[in-house]
file structure.cif (mmCIF, C-alpha atoms)
data_entry
#
loop_
_atom_site.label_atom_id
_atom_site.label_comp_id
_atom_site.auth_asym_id
_atom_site.auth_seq_id
_atom_site.Cartn_x
_atom_site.Cartn_y
_atom_site.Cartn_z
CA MET A 366 0.00 0.00 0.00
CA PRO A 367 1.39 3.48 -0.83
CA VAL A 368 2.47 5.54 2.20
CA HIS A 369 2.48 9.35 2.55
CA ARG A 370 5.69 10.96 3.76
CA SER A 371 3.84 11.60 7.00
CA GLY A 372 3.68 7.82 7.47
CA THR A 373 -0.07 7.45 6.97
CA ALA A 374 -1.49 5.13 4.31
CA ALA A 375 -2.74 6.76 1.12
CA PRO A 376 -6.48 6.25 0.45
CA ARG A 377 -7.56 3.99 -2.45
CA ARG A 378 -10.04 6.42 -3.89
CA PRO A 379 -8.91 6.11 -7.52
CA HIS A 380 -9.36 2.33 -7.42
CA LEU A 381 -12.75 2.59 -5.75
CA PHE A 382 -13.86 5.23 -8.22
CA ALA A 383 -12.83 3.06 -11.18
CA ALA A 384 -14.65 0.03 -9.80
CA GLY A 385 -17.79 2.07 -9.22
CA THR A 386 -17.66 3.45 -12.75
CA ILE A 387 -17.39 -0.06 -14.24
CA LEU A 388 -20.31 -1.36 -12.16
CA ALA A 389 -22.48 1.60 -13.17
CA ALA A 390 -21.67 1.02 -16.84
CA LEU A 391 -22.56 -2.66 -16.56
CA ALA A 392 -25.85 -1.82 -14.86
CA LEU A 393 -26.70 0.60 -17.66
CA LEU A 394 -25.96 -1.99 -20.34
CA LEU A 395 -28.15 -4.57 -18.63
CA ALA A 396 -31.01 -2.07 -18.43
CA LEU A 397 -30.97 -1.26 -22.14
CA PRO A 398 -33.53 -3.16 -24.27
CA GLY A 399 -32.24 -5.66 -26.79
CA LEU A 400 -28.91 -6.25 -25.05
CA ALA A 401 -28.97 -8.59 -22.07
CA SER A 402 -30.97 -9.56 -19.05
CA ALA A 403 -29.55 -9.95 -15.56
CA ALA A 404 -29.30 -13.68 -16.30
CA GLY A 405 -27.18 -12.98 -19.36
CA THR A 406 -29.75 -13.96 -21.98
CA ALA A 407 -30.66 -11.75 -24.90
CA VAL A 408 -33.77 -9.62 -24.47
CA PRO A 409 -35.48 -8.48 -27.70
CA ASP A 410 -36.54 -4.91 -28.30
CA ARG A 411 -40.09 -4.05 -27.31
CA GLY A 412 -42.42 -4.47 -30.27
CA THR A 413 -40.49 -7.29 -31.93
CA ALA A 414 -42.39 -10.18 -30.31
CA ARG A 415 -44.19 -12.48 -32.71
CA MET A 416 -46.67 -15.33 -32.49
CA GLY A 417 -44.99 -18.53 -31.33
CA GLN A 418 -41.70 -16.89 -30.43
CA GLY A 419 -41.32 -18.94 -27.25
CA VAL A 420 -42.64 -22.31 -28.45
CA ILE A 421 -39.36 -24.01 -29.37
CA ALA A 422 -37.49 -22.73 -26.31
CA HIS A 423 -40.18 -23.96 -23.89
CA ASP A 424 -41.94 -26.87 -25.63
CA GLY A 425 -39.39 -27.96 -28.22
CA GLN A 426 -40.33 -29.28 -31.64
CA GLY A 427 -40.81 -32.65 -33.28
CA GLY A 428 -39.88 -33.76 -36.77
CA GLY A 429 -42.03 -34.65 -39.75
CA SER A 430 -45.36 -33.47 -41.08
CA PRO A 431 -48.53 -33.33 -38.96
CA THR A 432 -50.48 -36.57 -38.73
CA GLY A 433 -53.66 -37.66 -37.02
CA THR A 434 -55.67 -34.65 -38.14
CA ASN A 435 -59.08 -34.60 -39.77
CA ALA A 436 -59.16 -35.42 -43.46
CA VAL A 437 -59.77 -31.78 -44.35
CA GLN A 438 -57.49 -29.05 -43.03
CA THR A 439 -57.08 -25.62 -44.62
CA GLU A 440 -53.58 -24.16 -44.71
CA GLY A 441 -52.85 -20.71 -43.29
CA VAL A 442 -49.96 -18.52 -42.18
CA ASP A 443 -49.29 -15.87 -39.56
CA VAL A 444 -46.93 -12.96 -40.14
CA SER A 445 -45.48 -9.92 -38.39
CA SER A 446 -42.90 -7.24 -39.18
CA HIS A 447 -40.34 -10.04 -38.79
CA GLN A 448 -41.27 -11.23 -42.32
CA GLY A 449 -41.22 -7.78 -43.94
CA ASP A 450 -42.91 -7.66 -47.35
CA VAL A 451 -44.59 -11.04 -47.88
CA ALA A 452 -44.82 -12.89 -51.20
CA TRP A 453 -48.57 -13.39 -51.00
CA SER A 454 -49.01 -14.71 -54.55
CA THR A 455 -46.42 -17.41 -53.87
CA LEU A 456 -48.25 -18.45 -50.71
CA TRP A 457 -51.64 -18.44 -52.45
CA ASN A 458 -50.34 -20.60 -55.29
CA SER A 459 -48.90 -23.05 -52.75
CA GLY A 460 -52.34 -23.61 -51.21
CA VAL A 461 -52.40 -21.10 -48.35
CA LYS A 462 -55.94 -19.68 -48.14
CA TRP A 463 -56.00 -17.68 -44.90
CA ALA A 464 -53.65 -15.46 -42.94
CA TYR A 465 -53.31 -13.57 -39.69
CA VAL A 466 -51.22 -10.40 -39.49
CA LYS A 467 -49.80 -8.90 -36.30
CA ALA A 468 -51.40 -5.52 -35.76
CA THR A 469 -50.28 -4.41 -32.31
CA GLU A 470 -48.36 -5.18 -29.14
CA GLY A 471 -49.13 -3.79 -25.72
CA THR A 472 -50.25 -0.18 -26.13
CA TYR A 473 -46.95 0.96 -27.63
CA TYR A 474 -46.40 -0.79 -30.96
CA LYS A 475 -48.04 -1.03 -34.39
CA ASN A 476 -46.75 -3.37 -37.11
CA THR A 477 -44.71 -1.28 -39.55
CA TYR A 478 -45.51 -3.71 -42.41
CA PHE A 479 -49.21 -3.88 -41.62
CA THR A 480 -50.55 -2.39 -44.86
CA GLN A 481 -48.51 -4.62 -47.18
CA GLN A 482 -49.34 -7.72 -45.18
CA TYR A 483 -53.01 -7.13 -44.41
CA THR A 484 -53.99 -5.64 -47.77
CA GLY A 485 -51.68 -7.92 -49.74
CA SER A 486 -53.21 -11.09 -48.34
CA TYR A 487 -56.70 -9.79 -49.11
CA ASN A 488 -55.76 -8.80 -52.65
CA VAL A 489 -54.67 -12.33 -53.62
CA GLY A 490 -57.96 -13.75 -52.32
CA MET A 491 -57.16 -14.84 -48.80
CA ILE A 492 -59.44 -14.60 -45.80
CA ARG A 493 -57.42 -12.66 -43.25
CA GLY A 494 -57.47 -11.26 -39.77
CA THR A 495 -55.19 -9.61 -37.23
CA TYR A 496 -53.63 -10.48 -33.90
CA HIS A 497 -52.45 -8.64 -30.81
CA PHE A 498 -49.36 -9.70 -28.86
CA ALA A 499 -50.35 -9.30 -25.22
CA THR A 500 -48.08 -7.81 -22.58
CA PRO A 501 -50.13 -8.10 -19.37
CA ASP A 502 -47.39 -6.45 -17.31
CA THR A 503 -47.62 -3.09 -19.10
CA THR A 504 -51.31 -2.07 -19.22
CA SER A 505 -54.76 -3.54 -18.55
CA GLY A 506 -56.56 -6.02 -20.76
CA ALA A 507 -59.18 -3.41 -21.62
CA ALA A 508 -56.55 -0.83 -22.60
CA GLN A 509 -54.84 -3.31 -24.91
CA ALA A 510 -58.09 -4.51 -26.47
CA ASN A 511 -59.03 -0.91 -27.26
CA TYR A 512 -55.57 -0.19 -28.68
CA PHE A 513 -55.86 -3.30 -30.85
CA VAL A 514 -59.30 -2.40 -32.22
CA ASP A 515 -58.22 1.18 -32.87
CA ASN A 516 -55.14 0.07 -34.82
CA GLY A 517 -56.19 -2.70 -37.19
CA GLY A 518 -57.94 -5.18 -34.92
CA GLY A 519 -61.51 -4.43 -35.92
CA TRP A 520 -63.94 -6.80 -37.62
CA SER A 521 -66.55 -6.54 -40.38
CA ARG A 522 -69.04 -9.10 -41.66
CA ASP A 523 -67.73 -9.25 -45.24
CA GLY A 524 -66.83 -12.93 -45.37
CA ARG A 525 -63.15 -12.08 -45.71
CA THR A 526 -62.31 -10.74 -42.22
CA LEU A 527 -61.56 -13.15 -39.36
CA PRO A 528 -62.14 -12.16 -35.72
CA GLY A 529 -59.17 -10.71 -33.87
CA VAL A 530 -56.75 -12.90 -31.94
CA LEU A 531 -55.37 -12.47 -28.45
CA ASP A 532 -51.84 -13.89 -28.61
CA ILE A 533 -51.14 -14.79 -24.99
CA GLU A 534 -47.93 -16.77 -24.45
CA TRP A 535 -44.45 -16.66 -22.90
CA ASN A 536 -43.08 -13.22 -22.15
CA PRO A 537 -40.00 -12.62 -24.32
CA TYR A 538 -39.05 -9.59 -22.21
CA GLY A 539 -39.05 -11.13 -18.73
CA ALA A 540 -40.88 -13.55 -16.42
CA GLN A 541 -42.98 -15.96 -18.47
CA CYS A 542 -46.24 -15.12 -16.68
CA TYR A 543 -45.59 -11.37 -16.72
CA GLY A 544 -45.40 -11.22 -12.94
CA LYS A 545 -49.06 -12.16 -12.51
CA THR A 546 -50.66 -14.78 -10.34
CA GLN A 547 -52.80 -17.36 -12.11
CA ALA A 548 -55.96 -15.63 -10.92
CA GLY A 549 -54.55 -12.28 -12.01
CA MET A 550 -53.76 -13.61 -15.47
CA VAL A 551 -57.28 -15.02 -15.88
CA ALA A 552 -58.73 -11.67 -14.87
CA TRP A 553 -56.49 -9.86 -17.36
CA ILE A 554 -57.54 -12.17 -20.22
CA ARG A 555 -61.21 -11.77 -19.25
CA ASP A 556 -60.80 -7.99 -19.31
CA PHE A 557 -59.35 -8.17 -22.83
CA VAL A 558 -61.90 -10.55 -24.35
CA ASN A 559 -64.89 -8.75 -22.80
CA THR A 560 -63.67 -5.40 -24.09
CA TYR A 561 -62.95 -6.77 -27.55
CA LYS A 562 -66.43 -8.25 -27.81
CA ALA A 563 -68.03 -5.03 -26.60
CA ARG A 564 -66.17 -3.11 -29.30
CA THR A 565 -66.62 -5.53 -32.23
CA GLY A 566 -69.48 -7.90 -31.42
CA ARG A 567 -67.12 -10.88 -31.79
CA ASP A 568 -65.46 -13.18 -29.28
CA PRO A 569 -61.74 -13.05 -30.06
CA VAL A 570 -59.74 -16.17 -30.81
CA ILE A 571 -57.24 -17.11 -28.09
CA TYR A 572 -53.80 -18.21 -29.27
CA THR A 573 -51.74 -20.03 -26.65
CA ALA A 574 -49.74 -23.14 -25.84
CA THR A 575 -51.06 -25.77 -23.46
CA SER A 576 -48.00 -25.72 -21.18
CA TRP A 577 -48.09 -21.92 -20.86
CA TRP A 578 -51.84 -21.98 -20.19
CA LYS A 579 -51.31 -24.53 -17.41
CA ASP A 580 -48.48 -22.60 -15.81
CA CYS A 581 -49.91 -19.10 -16.05
CA THR A 582 -53.69 -19.57 -15.74
CA GLY A 583 -53.78 -22.77 -13.68
CA ASN A 584 -55.32 -24.48 -16.74
CA ASN A 585 -58.43 -22.33 -16.44
CA ALA A 586 -61.43 -23.81 -18.26
CA GLY A 587 -63.52 -20.65 -18.46
CA PHE A 588 -62.93 -19.57 -22.07
CA GLY A 589 -63.59 -22.71 -24.11
CA ALA A 590 -67.32 -22.12 -24.48
CA THR A 591 -66.93 -18.71 -26.11
CA ASN A 592 -63.46 -18.18 -27.56
CA PRO A 593 -62.11 -20.26 -30.46
CA LEU A 594 -58.76 -21.89 -29.71
CA TRP A 595 -55.60 -21.46 -31.75
CA VAL A 596 -53.08 -23.83 -30.20
CA ALA A 597 -49.32 -23.82 -30.68
CA ARG A 598 -47.47 -27.13 -30.88
CA TYR A 599 -44.62 -27.85 -33.28
CA ASN A 600 -45.02 -31.58 -33.64
CA THR A 601 -46.71 -34.29 -35.70
CA THR A 602 -49.82 -34.27 -33.49
CA VAL A 603 -51.60 -31.43 -31.75
CA GLY A 604 -51.34 -33.12 -28.35
CA GLU A 605 -53.21 -32.14 -25.21
CA LEU A 606 -55.39 -29.05 -25.43
CA PRO A 607 -55.86 -26.47 -22.68
CA ALA A 608 -58.75 -27.08 -20.29
CA GLY A 609 -62.16 -25.98 -21.53
CA TRP A 610 -61.55 -26.74 -25.21
CA SER A 611 -62.49 -30.12 -26.67
CA TYR A 612 -61.14 -29.25 -30.12
CA TYR A 613 -58.91 -26.66 -31.75
CA THR A 614 -60.01 -24.22 -34.43
CA MET A 615 -56.46 -23.53 -35.61
CA TRP A 616 -53.14 -25.25 -34.95
CA GLN A 617 -49.77 -23.58 -35.46
CA TYR A 618 -47.69 -26.64 -36.22
CA THR A 619 -44.35 -25.21 -37.43
CA SER A 620 -42.19 -22.10 -37.58
CA SER A 621 -40.14 -23.40 -40.49
CA GLY A 622 -42.66 -23.77 -43.32
CA PRO A 623 -42.15 -22.66 -46.93
CA THR A 624 -42.11 -18.96 -47.91
CA VAL A 625 -43.31 -17.88 -44.46
CA GLY A 626 -42.08 -19.89 -41.49
CA ASP A 627 -45.23 -19.98 -39.35
CA HIS A 628 -47.74 -22.38 -40.90
CA ASN A 629 -51.08 -23.45 -39.50
CA HIS A 630 -53.97 -25.85 -40.05
CA PHE A 631 -57.55 -24.66 -39.85
CA ASN A 632 -59.66 -27.52 -38.52
CA GLY A 633 -62.00 -27.89 -41.49
CA ALA A 634 -62.52 -27.02 -45.13
CA LEU A 635 -62.45 -23.50 -46.56
CA ASP A 636 -66.18 -23.05 -46.02
CA ARG A 637 -65.53 -23.36 -42.26
CA VAL A 638 -62.97 -20.57 -42.47
CA VAL A 639 -65.62 -18.45 -44.17
CA ALA A 640 -68.08 -19.40 -41.43
CA LEU A 641 -65.68 -18.16 -38.75
CA ALA A 642 -65.22 -14.93 -40.69
CA ASN A 643 -68.97 -14.41 -40.87
CA GLY A 644 -69.51 -15.15 -37.21
#

call {"tool": "encode", "arguments": {"input": "structure.cif", "output": "structure tokens"}}
result
Amino acid sequence: MPVHRSGTAAPRRPHLFAAGTILAALALLLALPGLASAAGTAVPDRGTARMGQGVIAHDGQGGGSPTGTNAVQTEGVDVSSHQGDVAWSTLWNSGVKWAYVKATEGTYYKNTYFTQQYTGSYNVGMIRGTYHFATPDTTSGAAQANYFVDNGGGWSRDGRTLPGVLDIEWNPYGAQCYGKTQAGMVAWIRDFVNTYKARTGRDPVIYTATSWWKDCTGNNAGFGATNPLWVARYNTTVGELPAGWSYYTMWQYTSSGPTVGDHNHFNGALDRVVALANG
């Protein structure tokens, strides 16, 4: 240790100051979006979440094409700004007949490719709708339902517009259940679906994965009688469904399909897709 000429030890202030500066810089980096979480894992920027983003990380994926489905399934896709401008004619010619487009997230984000994706799918002949990526830790269910409806999530009885979707799944920005108790999550979802129906006259579709639904709602069975189910499972069979639903309306079965990664089966022929659109 350095010693003053007086014989007293010199203070270590420069070293302490340097250490404090480094720690402050690290704390700032960890707080910035899109860099790192406290656990060292990458955190995406707010607004970039997309349908099914957490499926592989939490549920894994199987190999091969789906089996064990009904004889008639109608192919569809879901897209977000992650896909950019979509080749809708290519998808249509490959047999894709319906699509869902991300419209909003939380009360802070609108899809920057919304017009190309929503109008483009319609122009090639597809039946299309929109979805909202829920962030229950930021604002209420009612606030997010209103934001969704006001920014592309509406519905009209034209035979070409599907009801809106509540995408409720793993939180890519933090704790998987958004810091809510199971009862709190159920109440948040109920707030969203009730508000959406009041605004549009339609019960929204609920997109989720069975394992997330079990963990974060306690496998609540209270929505199956009113809200169509869109289940996420990347495997050859759809597997167990969340409580309250005896069948799925849509099944997202892969994130690595042709042209657009996220491909889905509608549980029925094209006339059933039209029926859902018409309510």

call {"tool": "atom_distance", "arguments": {"input": "structure.cif", "atom1": "atom CA of Phe557 of chain A", "atom2": "atom CA of Lys462 of chain A"}}
result
28.0 Å

call {"tool": "closest_residue", "arguments": {"input": "structure.cif", "among": "A:Tyr572, A:Tyr613, A:Trp535, A:Trp553", "to": "Gly419 of chain A", "atoms": "all atoms listed in the file"}}
result
A:Trp535

call {"tool": "resolve_selection", "arguments": {"input": "structure.cif", "expression": "the PyMOL selection byres ((chain A and resi 619) around 12)", "output": "count of residues only"}}
result
37

call {"tool": "residues_around", "arguments": {"input": "structure.cif", "residues": "Arg411 of chain A", "least_positions_apart": "4", "cutoff": "12 Å", "atoms": "only C-alpha atoms", "output": "PDB file with C-alpha atoms, in the frame of the given file"}}
result
ATOM      1  CA  LEU A 397     -30.970  -1.260 -22.140  1.00  0.00           C
ATOM      2  CA  PRO A 398     -33.530  -3.160 -24.270  1.00  0.00           C
ATOM      3  CA  GLY A 399     -32.240  -5.660 -26.790  1.00  0.00           C
ATOM      4  CA  LEU A 400     -28.910  -6.250 -25.050  1.00  0.00           C
ATOM      5  CA  ARG A 415     -44.190 -12.480 -32.710  1.00  0.00           C
ATOM      6  CA  THR A 469     -50.280  -4.410 -32.310  1.00  0.00           C
ATOM      7  CA  GLU A 470     -48.360  -5.180 -29.140  1.00  0.00           C
ATOM      8  CA  GLY A 471     -49.130  -3.790 -25.720  1.00  0.00           C
ATOM      9  CA  THR A 472     -50.250  -0.180 -26.130  1.00  0.00           C
ATOM     10  CA  TYR A 473     -46.950   0.960 -27.630  1.00  0.00           C
ATOM     11  CA  TYR A 474     -46.400  -0.790 -30.960  1.00  0.00           C
ATOM     12  CA  LYS A 475     -48.040  -1.030 -34.390  1.00  0.00           C
ATOM     13  CA  ASN A 476     -46.750  -3.370 -37.110  1.00  0.00           C
ATOM     14  CA  PHE A 498     -49.360  -9.700 -28.860  1.00  0.00           C
ATOM     15  CA  ALA A 499     -50.350  -9.300 -25.220  1.00  0.00           C
ATOM     16  CA  THR A 500     -48.080  -7.810 -22.580  1.00  0.00           C
ATOM     17  CA  THR A 503     -47.620  -3.090 -19.100  1.00  0.00           C
ATOM     18  CA  ASN A 536     -43.080 -13.220 -22.150  1.00  0.00           C
ATOM     19  CA  PRO A 537     -40.000 -12.620 -24.320  1.00  0.00           C
ATOM     20  CA  TYR A 538     -39.050  -9.590 -22.210  1.00  0.00           C
ATOM     21  CA  GLY A 539     -39.050 -11.130 -18.730  1.00  0.00           C
TER      22      GLY A 539
END

call {"tool": "atom_distance", "arguments": {"input": "structure.cif", "atom1": "atom CA of Ser446 of chain A", "atom2": "atom CA of Gln481 of chain A"}}
result
10.1 Å

call {"tool": "resolve_selection", "arguments": {"input": "structure.cif", "expression": "the PyMOL selection byres ((chain A and resi 507) around 7)", "output": "PDB file with C-alpha atoms, keeping the file's coordinate frame"}}
result
ATOM      1  CA  SER A 505     -54.760  -3.540 -18.550  1.00  0.00           C
ATOM      2  CA  GLY A 506     -56.560  -6.020 -20.760  1.00  0.00           C
ATOM      3  CA  ALA A 508     -56.550  -0.830 -22.600  1.00  0.00           C
ATOM      4  CA  GLN A 509     -54.840  -3.310 -24.910  1.00  0.00           C
ATOM      5  CA  ALA A 510     -58.090  -4.510 -26.470  1.00  0.00           C
ATOM      6  CA  ASN A 511     -59.030  -0.910 -27.260  1.00  0.00           C
ATOM      7  CA  ASP A 556     -60.800  -7.990 -19.310  1.00  0.00           C
ATOM      8  CA  PHE A 557     -59.350  -8.170 -22.830  1.00  0.00           C
ATOM      9  CA  THR A 560     -63.670  -5.400 -24.090  1.00  0.00           C
TER      10      THR A 560
END

call {"tool": "resolve_selection", "arguments": {"input": "structure.cif", "expression": "the PyMOL selection byres ((chain A and resi 607) around 10)", "output": "list in words"}}
result
Thr573, Ala574, Thr575, Ser576, Trp577, Trp578, Lys579, Gly583, Asn584, Asn585, Ala586, Phe588, Gly589, Leu594, Val596, Gly604, Glu605, Leu606, Ala608, Gly609, Trp610, Ser611, Tyr612 and Tyr613 of chain A

call {"tool": "write_last_selection", "arguments": {"input": "structure.cif", "atoms": "C-alpha atoms", "output": "PDB file, keeping the file's coordinate frame"}}
result
ATOM      1  CA  THR A 573     -51.740 -20.030 -26.650  1.00  0.00           C
ATOM      2  CA  ALA A 574     -49.740 -23.140 -25.840  1.00  0.00           C
ATOM      3  CA  THR A 575     -51.060 -25.770 -23.460  1.00  0.00           C
ATOM      4  CA  SER A 576     -48.000 -25.720 -21.180  1.00  0.00           C
ATOM      5  CA  TRP A 577     -48.090 -21.920 -20.860  1.00  0.00           C
ATOM      6  CA  TRP A 578     -51.840 -21.980 -20.190  1.00  0.00           C
ATOM      7  CA  LYS A 579     -51.310 -24.530 -17.410  1.00  0.00           C
ATOM      8  CA  GLY A 583     -53.780 -22.770 -13.680  1.00  0.00           C
ATOM      9  CA  ASN A 584     -55.320 -24.480 -16.740  1.00  0.00           C
ATOM     10  CA  ASN A 585     -58.430 -22.330 -16.440  1.00  0.00           C
ATOM     11  CA  ALA A 586     -61.430 -23.810 -18.260  1.00  0.00           C
ATOM     12  CA  PHE A 588     -62.930 -19.570 -22.070  1.00  0.00           C
ATOM     13  CA  GLY A 589     -63.590 -22.710 -24.110  1.00  0.00           C
ATOM     14  CA  LEU A 594     -58.760 -21.890 -29.710  1.00  0.00           C
ATOM     15  CA  VAL A 596     -53.080 -23.830 -30.200  1.00  0.00           C
ATOM     16  CA  GLY A 604     -51.340 -33.120 -28.350  1.00  0.00           C
ATOM     17  CA  GLU A 605     -53.210 -32.140 -25.210  1.00  0.00           C
ATOM     18  CA  LEU A 606     -55.390 -29.050 -25.430  1.00  0.00           C
ATOM     19  CA  ALA A 608     -58.750 -27.080 -20.290  1.00  0.00           C
ATOM     20  CA  GLY A 609     -62.160 -25.980 -21.530  1.00  0.00           C
ATOM     21  CA  TRP A 610     -61.550 -26.740 -25.210  1.00  0.00           C
ATOM     22  CA  SER A 611     -62.490 -30.120 -26.670  1.00  0.00           C
ATOM     23  CA  TYR A 612     -61.140 -29.250 -30.120  1.00  0.00           C
ATOM     24  CA  TYR A 613     -58.910 -26.660 -31.750  1.00  0.00           C
TER      25      TYR A 613
END

call {"tool": "atom_distance", "arguments": {"input": "structure.cif", "atom1": "atom CA of Ala452 of chain A", "atom2": "atom CA of Thr565 of chain A"}}
result
29.8 Å

call {"tool": "axis_aligned_box", "arguments": {"input": "structure.cif", "around": "segment 469-479 of chain A", "padding_each_side": "8 Å", "output": "lines of an AutoDock Vina configuration file"}}
result
center_x = -47.5
center_y = -2.1
center_z = -34.1
size_x = 21.6
size_y = 22.1
size_z = 32.7

call {"tool": "residues_around", "arguments": {"input": "structure.cif", "residues": "Gly549 of chain A", "least_positions_apart": "6", "cutoff": "10 Å", "atoms": "all atoms listed in the file", "output": "PyMOL selection string"}}
result
chain A and resi 501+542+555+581-582

call {"tool": "closest_residue", "arguments": {"input": "structure.cif", "among": "A:His497, A:His423, A:Ser486, A:Phe479", "to": "Trp457 of chain A", "atoms": "only C-alpha atoms"}}
result
A:Ser486

call {"tool": "closest_residue", "arguments": {"input": "structure.cif", "among": "A:Thr495, A:Ser445, A:Asn516, A:Thr614", "to": "Pro528 of chain A", "atoms": "only C-alpha atoms"}}
result
A:Thr495

call {"tool": "closest_residue", "arguments": {"input": "structure.cif", "among": "A:Glu534, A:Asp523, A:Asp502, A:Asp515", "to": "Ala414 of chain A", "atoms": "only C-alpha atoms"}}
result
A:Glu534

call {"tool": "build_atoms", "arguments": {"input": "structure.cif", "residues": "segment 438-444 of chain A", "atoms": "all heavy atoms", "output": "PDB file, in the frame of the given file"}}
result
ATOM      1  N   GLN A 438     -58.112 -30.142 -43.761  1.00  0.00           N
ATOM      2  CA  GLN A 438     -57.490 -29.050 -43.030  1.00  0.00           C
ATOM      3  C   GLN A 438     -57.145 -27.965 -44.043  1.00  0.00           C
ATOM      4  O   GLN A 438     -56.674 -28.266 -45.139  1.00  0.00           O
ATOM      5  CB  GLN A 438     -56.224 -29.504 -42.315  1.00  0.00           C
ATOM      6  CG  GLN A 438     -56.414 -30.646 -41.330  1.00  0.00           C
ATOM      7  CD  GLN A 438     -56.834 -30.175 -39.958  1.00  0.00           C
ATOM      8  OE1 GLN A 438     -56.140 -29.405 -39.307  1.00  0.00           O
ATOM      9  NE2 GLN A 438     -57.973 -30.639 -39.489  1.00  0.00           N
ATOM     10  N   THR A 439     -57.359 -26.719 -43.699  1.00  0.00           N
ATOM     11  CA  THR A 439     -57.080 -25.620 -44.620  1.00  0.00           C
ATOM     12  C   THR A 439     -55.846 -24.872 -44.155  1.00  0.00           C
ATOM     13  O   THR A 439     -55.778 -24.431 -43.011  1.00  0.00           O
ATOM     14  CB  THR A 439     -58.287 -24.667 -44.712  1.00  0.00           C
ATOM     15  OG1 THR A 439     -59.455 -25.419 -45.051  1.00  0.00           O
ATOM     16  CG2 THR A 439     -58.053 -23.615 -45.780  1.00  0.00           C
ATOM     17  N   GLU A 440     -54.877 -24.733 -45.056  1.00  0.00           N
ATOM     18  CA  GLU A 440     -53.580 -24.160 -44.710  1.00  0.00           C
ATOM     19  C   GLU A 440     -53.640 -22.647 -44.559  1.00  0.00           C
ATOM     20  O   GLU A 440     -54.283 -21.942 -45.348  1.00  0.00           O
ATOM     21  CB  GLU A 440     -52.558 -24.527 -45.786  1.00  0.00           C
ATOM     22  CG  GLU A 440     -51.113 -24.255 -45.413  1.00  0.00           C
ATOM     23  CD  GLU A 440     -50.530 -25.268 -44.446  1.00  0.00           C
ATOM     24  OE1 GLU A 440     -51.259 -26.222 -44.059  1.00  0.00           O
ATOM     25  OE2 GLU A 440     -49.356 -25.115 -44.068  1.00  0.00           O
ATOM     26  N   GLY A 441     -52.932 -22.151 -43.521  1.00  0.00           N
ATOM     27  CA  GLY A 441     -52.850 -20.710 -43.290  1.00  0.00           C
ATOM     28  C   GLY A 441     -51.474 -20.332 -42.773  1.00  0.00           C
ATOM     29  O   GLY A 441     -50.662 -21.200 -42.420  1.00  0.00           O
ATOM     30  N   VAL A 442     -51.217 -19.032 -42.721  1.00  0.00           N
ATOM     31  CA  VAL A 442     -49.960 -18.520 -42.180  1.00  0.00           C
ATOM     32  C   VAL A 442     -50.232 -17.374 -41.224  1.00  0.00           C
ATOM     33  O   VAL A 442     -51.310 -16.774 -41.245  1.00  0.00           O
ATOM     34  CB  VAL A 442     -49.004 -18.023 -43.298  1.00  0.00           C
ATOM     35  CG1 VAL A 442     -48.562 -19.180 -44.193  1.00  0.00           C
ATOM     36  CG2 VAL A 442     -49.644 -16.912 -44.117  1.00  0.00           C
ATOM     37  N   ASP A 443     -49.244 -17.085 -40.373  1.00  0.00           N
ATOM     38  CA  ASP A 443     -49.290 -15.870 -39.560  1.00  0.00           C
ATOM     39  C   ASP A 443     -47.987 -15.121 -39.765  1.00  0.00           C
ATOM     40  O   ASP A 443     -46.920 -15.717 -39.901  1.00  0.00           O
ATOM     41  CB  ASP A 443     -49.531 -16.188 -38.088  1.00  0.00           C
ATOM     42  CG  ASP A 443     -48.465 -17.098 -37.490  1.00  0.00           C
ATOM     43  OD1 ASP A 443     -48.636 -18.326 -37.550  1.00  0.00           O
ATOM     44  OD2 ASP A 443     -47.465 -16.573 -36.948  1.00  0.00           O
ATOM     45  N   VAL A 444     -48.092 -13.787 -39.829  1.00  0.00           N
ATOM     46  CA  VAL A 444     -46.930 -12.960 -40.140  1.00  0.00           C
ATOM     47  C   VAL A 444     -46.881 -11.741 -39.225  1.00  0.00           C
ATOM     48  O   VAL A 444     -47.882 -11.347 -38.611  1.00  0.00           O
ATOM     49  CB  VAL A 444     -46.952 -12.484 -41.618  1.00  0.00           C
ATOM     50  CG1 VAL A 444     -46.899 -13.677 -42.564  1.00  0.00           C
ATOM     51  CG2 VAL A 444     -48.175 -11.624 -41.913  1.00  0.00           C
TER      52      VAL A 444
END
